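Student: Below is the file structure-v2.cif, which contains mmCIF, C-alpha atoms.
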```cif
data_target
loop_
_atom_site.label_atom_id
_atom_site.label_comp_id
_atom_site.auth_asym_id
_atom_site.auth_seq_id
_atom_site.Cartn_x
_atom_site.Cartn_y
_atom_site.Cartn_z
CA MET A 982 -1.05 -18.95 4.56
CA GLY A 983 -4.78 -19.49 4.25
CA THR A 984 -5.58 -16.01 2.94
CA SER A 985 -3.11 -15.98 0.03
CA GLY A 986 -4.34 -14.04 -3.00
CA THR A 987 -7.61 -13.01 -1.36
CA ALA A 988 -7.45 -9.22 -1.57
CA LYS A 989 -10.64 -7.90 -3.12
CA VAL A 990 -10.54 -4.90 -5.47
CA THR A 991 -13.69 -2.86 -6.10
CA PHE A 992 -14.49 0.54 -7.61
CA PRO A 993 -16.97 2.43 -5.40
CA ALA A 994 -16.80 5.48 -7.72
CA ASP A 995 -15.15 6.36 -11.03
CA GLU A 996 -12.05 7.78 -9.34
CA GLN A 997 -11.81 5.26 -6.48
CA VAL A 998 -10.12 1.92 -5.87
CA LEU A 999 -11.04 0.01 -2.72
CA ILE A 1000 -8.88 -2.91 -1.58
CA THR A 1001 -9.97 -5.14 1.30
CA ARG A 1002 -8.19 -8.15 2.75
CA GLU A 1003 -7.92 -10.10 5.96
CA PHE A 1004 -4.59 -11.22 7.36
CA GLU A 1005 -3.73 -14.05 9.71
CA ALA A 1006 -1.67 -11.69 11.86
CA PRO A 1007 -2.50 -9.25 14.68
CA ARG A 1008 -3.36 -5.67 13.77
CA HIS A 1009 -0.39 -4.07 15.55
CA LEU A 1010 2.02 -6.33 13.63
CA VAL A 1011 0.41 -5.62 10.24
CA TYR A 1012 0.63 -1.90 11.04
CA ARG A 1013 4.27 -2.27 12.12
CA ALA A 1014 5.17 -4.07 8.88
CA TRP A 1015 3.29 -1.35 6.93
CA THR A 1016 5.10 1.57 8.60
CA THR A 1017 8.67 0.40 9.33
CA PRO A 1018 11.10 1.09 6.44
CA ASP A 1019 13.23 -2.06 6.87
CA LEU A 1020 10.07 -4.17 6.91
CA VAL A 1021 8.41 -2.39 3.97
CA LYS A 1022 11.51 -3.22 1.90
CA ARG A 1023 10.72 -6.91 2.43
CA TRP A 1024 7.18 -6.93 1.01
CA TRP A 1025 6.29 -3.83 -1.02
CA ALA A 1026 7.83 -4.91 -4.35
CA GLY A 1027 6.02 -8.25 -4.25
CA GLN A 1028 7.66 -10.47 -6.88
CA GLN A 1029 7.94 -7.52 -9.28
CA GLY A 1030 11.40 -6.24 -8.35
CA THR A 1031 13.62 -5.05 -5.54
CA MET A 1032 13.17 -2.11 -3.20
CA THR A 1033 16.14 0.25 -3.36
CA SER A 1034 14.85 2.93 -0.99
CA VAL A 1035 12.10 3.22 1.62
CA GLU A 1036 11.85 6.48 3.54
CA ILE A 1037 9.04 6.99 6.07
CA ASP A 1038 8.74 10.04 8.33
CA LEU A 1039 5.72 8.76 10.26
CA ARG A 1040 4.18 11.96 11.55
CA VAL A 1041 1.46 14.29 10.31
CA GLY A 1042 3.15 16.39 7.63
CA GLY A 1043 5.94 13.81 7.32
CA GLN A 1044 7.00 12.58 3.90
CA TRP A 1045 7.34 9.05 2.56
CA ARG A 1046 9.05 7.80 -0.60
CA TYR A 1047 9.49 4.30 -2.06
CA VAL A 1048 11.79 3.42 -4.94
CA MET A 1049 12.02 0.02 -6.59
CA ASN A 1050 13.85 -1.49 -9.50
CA THR A 1051 11.49 -3.69 -11.48
CA ASN A 1052 12.52 -7.10 -12.75
CA GLY A 1053 12.61 -5.43 -16.18
CA GLY A 1054 15.26 -2.98 -14.99
CA GLU A 1055 13.03 0.10 -14.70
CA ALA A 1056 13.22 2.33 -11.61
CA ILE A 1057 9.84 3.46 -10.34
CA ALA A 1058 9.06 5.67 -7.38
CA PHE A 1059 6.11 6.87 -5.33
CA HIS A 1060 5.99 9.57 -2.68
CA GLY A 1061 3.53 11.46 -0.53
CA GLU A 1062 2.76 13.11 2.76
CA PHE A 1063 1.00 11.82 5.87
CA GLN A 1064 -2.16 13.78 6.71
CA GLU A 1065 -3.56 11.67 9.55
CA ILE A 1066 -2.03 8.98 11.74
CA VAL A 1067 -3.81 6.90 14.37
CA PRO A 1068 -1.26 4.23 15.37
CA ASP A 1069 -2.40 0.65 14.72
CA GLU A 1070 -5.69 1.93 13.26
CA ARG A 1071 -5.57 4.46 10.43
CA LEU A 1072 -3.26 6.27 8.01
CA VAL A 1073 -4.26 8.97 5.55
CA ASN A 1074 -1.64 10.08 3.04
CA THR A 1075 -1.20 11.51 -0.40
CA GLU A 1076 0.40 9.38 -3.11
CA VAL A 1077 2.17 10.46 -6.30
CA PHE A 1078 3.52 8.07 -8.93
CA GLU A 1079 6.66 9.90 -10.02
CA LEU A 1080 6.49 8.67 -13.62
CA GLY A 1081 2.78 9.28 -13.76
CA PRO A 1082 0.58 11.57 -15.83
CA SER A 1083 0.84 15.31 -16.18
CA GLU A 1084 2.88 17.48 -13.87
CA GLY A 1085 0.75 19.38 -11.38
CA GLU A 1086 -2.09 16.85 -11.25
CA GLN A 1087 -3.57 16.38 -7.82
CA PRO A 1088 -2.11 13.42 -5.90
CA ALA A 1089 -4.20 10.44 -4.93
CA LEU A 1090 -5.53 10.43 -1.37
CA VAL A 1091 -5.10 7.05 0.32
CA THR A 1092 -6.87 5.99 3.51
CA THR A 1093 -5.59 2.77 5.06
CA GLU A 1094 -7.47 1.25 8.00
CA PHE A 1095 -6.38 -1.63 10.21
CA ALA A 1096 -9.13 -3.32 12.25
CA ASP A 1097 -9.35 -6.40 14.44
CA ALA A 1098 -11.03 -9.27 12.59
CA GLY A 1099 -11.17 -11.90 15.28
CA GLU A 1100 -8.46 -13.43 17.40
CA GLY A 1101 -5.06 -12.66 15.92
CA ARG A 1102 -6.52 -11.45 12.60
CA THR A 1103 -6.56 -8.07 10.88
CA ALA A 1104 -8.94 -6.56 8.34
CA LEU A 1105 -7.19 -4.09 6.06
CA THR A 1106 -9.18 -1.54 4.07
CA LEU A 1107 -7.33 0.68 1.62
CA LEU A 1108 -9.25 3.36 -0.28
CA SER A 1109 -7.41 5.30 -3.01
CA VAL A 1110 -9.19 8.37 -4.34
CA MET A 1111 -7.53 9.31 -7.61
CA PRO A 1112 -7.71 12.76 -9.25
CA ASN A 1113 -9.90 11.35 -12.05
CA LYS A 1114 -11.12 8.16 -13.74
CA GLU A 1115 -8.26 8.23 -16.26
CA SER A 1116 -5.67 8.10 -13.46
CA ARG A 1117 -7.54 5.25 -11.80
CA ASP A 1118 -7.78 3.30 -15.04
CA ALA A 1119 -4.08 3.86 -15.82
CA MET A 1120 -3.16 2.39 -12.42
CA ILE A 1121 -5.37 -0.65 -12.98
CA ASP A 1122 -4.14 -1.12 -16.57
CA ALA A 1123 -0.52 -1.08 -15.34
CA GLY A 1124 -1.16 -4.38 -13.52
CA MET A 1125 -1.71 -2.98 -10.03
CA GLU A 1126 -3.92 -5.85 -8.89
CA HIS A 1127 -1.46 -8.64 -9.74
CA GLY A 1128 1.43 -6.96 -7.93
CA MET A 1129 -0.79 -5.95 -5.01
CA GLN A 1130 -1.86 -9.57 -4.42
CA GLN A 1131 1.83 -10.51 -4.18
CA GLN A 1132 2.50 -7.61 -1.82
CA MET A 1133 -0.34 -8.56 0.49
CA ASP A 1134 0.77 -12.20 0.65
CA LEU A 1135 4.30 -11.16 1.59
CA LEU A 1136 2.99 -8.61 4.07
CA GLU A 1137 0.90 -11.25 5.79
CA GLY A 1138 3.80 -13.69 6.11
CA LEU A 1139 6.11 -10.99 7.40
CA ALA A 1140 3.61 -9.62 9.94
CA ALA A 1141 2.87 -13.13 11.22
CA SER A 1142 6.61 -13.79 11.60
CA LEU A 1143 6.99 -10.75 13.89
CA ALA A 1144 4.90 -12.37 16.62
#
```
The structure given in the file should be rewritten as structure tokens.
Tutor:
Amino acid sequence: MGTSGTAKVTFPADEQVLITREFEAPRHLVYRAWTTPDLVKRWWAGQQGTMTSVEIDLRVGGQWRYVMNTNGGEAIAFHGEFQEIVPDERLVNTEVFELGPSEGEQPALVTTEFADAGEGRTALTLLSVMPNKESRDAMIDAGMEHGMQQQMDLLEGLAASLA
């Protein structure tokens, strides 16, 4: 697709990561692929491994949890809770990397917005507010951007195929 590898990563503040990207797929289909467990399993791991579990209770107060086996054989997991849901427009949720830093640290707060970007296109904005700069830097140093570009490419292809 024409937008392959075009997600832009910026750092608006020391504890923030902002990802923006346009998709050649309608907003409601990008949102559907983002929030449907069987579809998330098809894109979330990128080329980095295989999803073994995707649980999404899509309601305010509902929990989500993703588990993947990396190509190197390591199991990694993330989980959180939905705090705000506006279908096809906005999700706000917490995010915890289960192998992450110290126990009891505040989770990241992630705001994902889906907006129309012209006929049949979607603008995705994802803002992660980490507990501190060290957590943000650890995520970046772990290769987040490379895997995220792969995820977004797969997400775009999948969302477009749902039309």
Student: Would you pick out the contacts of Thr1031 of chain A at 6 Å or less, using only C-alpha atoms, so that residues sharing its chain but fewer than 2 positions from it are not included, and give the list as number ranges by chain?
Tutor: A: 1026, 1049-1050
Student: In Å to one decimal, how far is atom CA of Arg1071 of chain A from atom CA of Ile1057 of chain A?
Tutor: 25.9 Å
Student: Could you give me, as a PyMOL selection string, the residues that have an atom at most 12 Å away from the point (12.4, -6.6, 8.7) in the coordinates of the file, using all atoms listed in the file?
Tutor: chain A and resi 1010+1013-1025+1135-1136+1138-1143
Student: Quick one: residues within 6 Å of segment 1093-1104 of chain A, only C-alpha atoms counted, chain neighbours fewer than 5 positions away excluded, as a PyMOL selection string?
Tutor: chain A and resi 1002-1008+1070-1072
Student: Select, from A:Gln1130, A:Thr1075, A:Gln997, A:Asn1052, the residue with the minimum atom-to-atom distance to Met1111 of chain A, counting all atoms listed in the file.
Tutor: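 Closest residue, counting all atoms listed in the file: A:Gln997.
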Student: Quick one: of A:Glu1137, A:Glu1036, A:Asp995, A:Glu1126, who's nearest to Val1011 of chain A, counting only C-alpha atoms?
Tutor: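 Smallest distance to Val1011 of chain A is found for A:Glu1137.
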Student: Give me, please, the distance in Å between atom CA of Ser985 of chain A and atom CA of Asp1118 of chain A, quoted to one decimal.
Tutor: 24.9 Å
Student: Calculate how many Å separate atom CA of Lys1114 of chain A from atom CA of Glu1062 of chain A, rounding to one decimal.
Tutor: 22.1 Å
Student: Would you write out, as a PyMOL selection string, every residue that the PyMOL selection byres ((chain A and resi 1061) around 10) captures in this file?
Tutor: chain A and resi 1037+1042-1047+1059-1060+1062-1064+1074-1078+1088-1091
Student: Would you compute the box with edges along x, y and z of the file around segment 995-1006 of chain A, including every atom the file lists for it and 8 Å extra on each side, and give its centre and edge lengths in Å to one decimal, as JSON?
Tutor:
```
{"center_x": -8.4, "center_y": -3.1, "center_z": 0.4, "size_x": 29.5, "size_y": 37.8, "size_z": 38.9}
```
Student: Could you check which of A:Gly986, A:Gly1030, A:Pro993, A:Gly1128 is closest to Ser1109 of chain A, using only C-alpha atoms?
Tutor: A:Pro993
Student: Could you check the closest approach to Ala1119 of chain A for each of A:Gly1053, A:Gly1027, A:Ala988, A:Leu1080 and tell me which residue wins, using all atoms listed in the file?
Tutor: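 Under the stated criterion, the closest residue is A:Leu1080.
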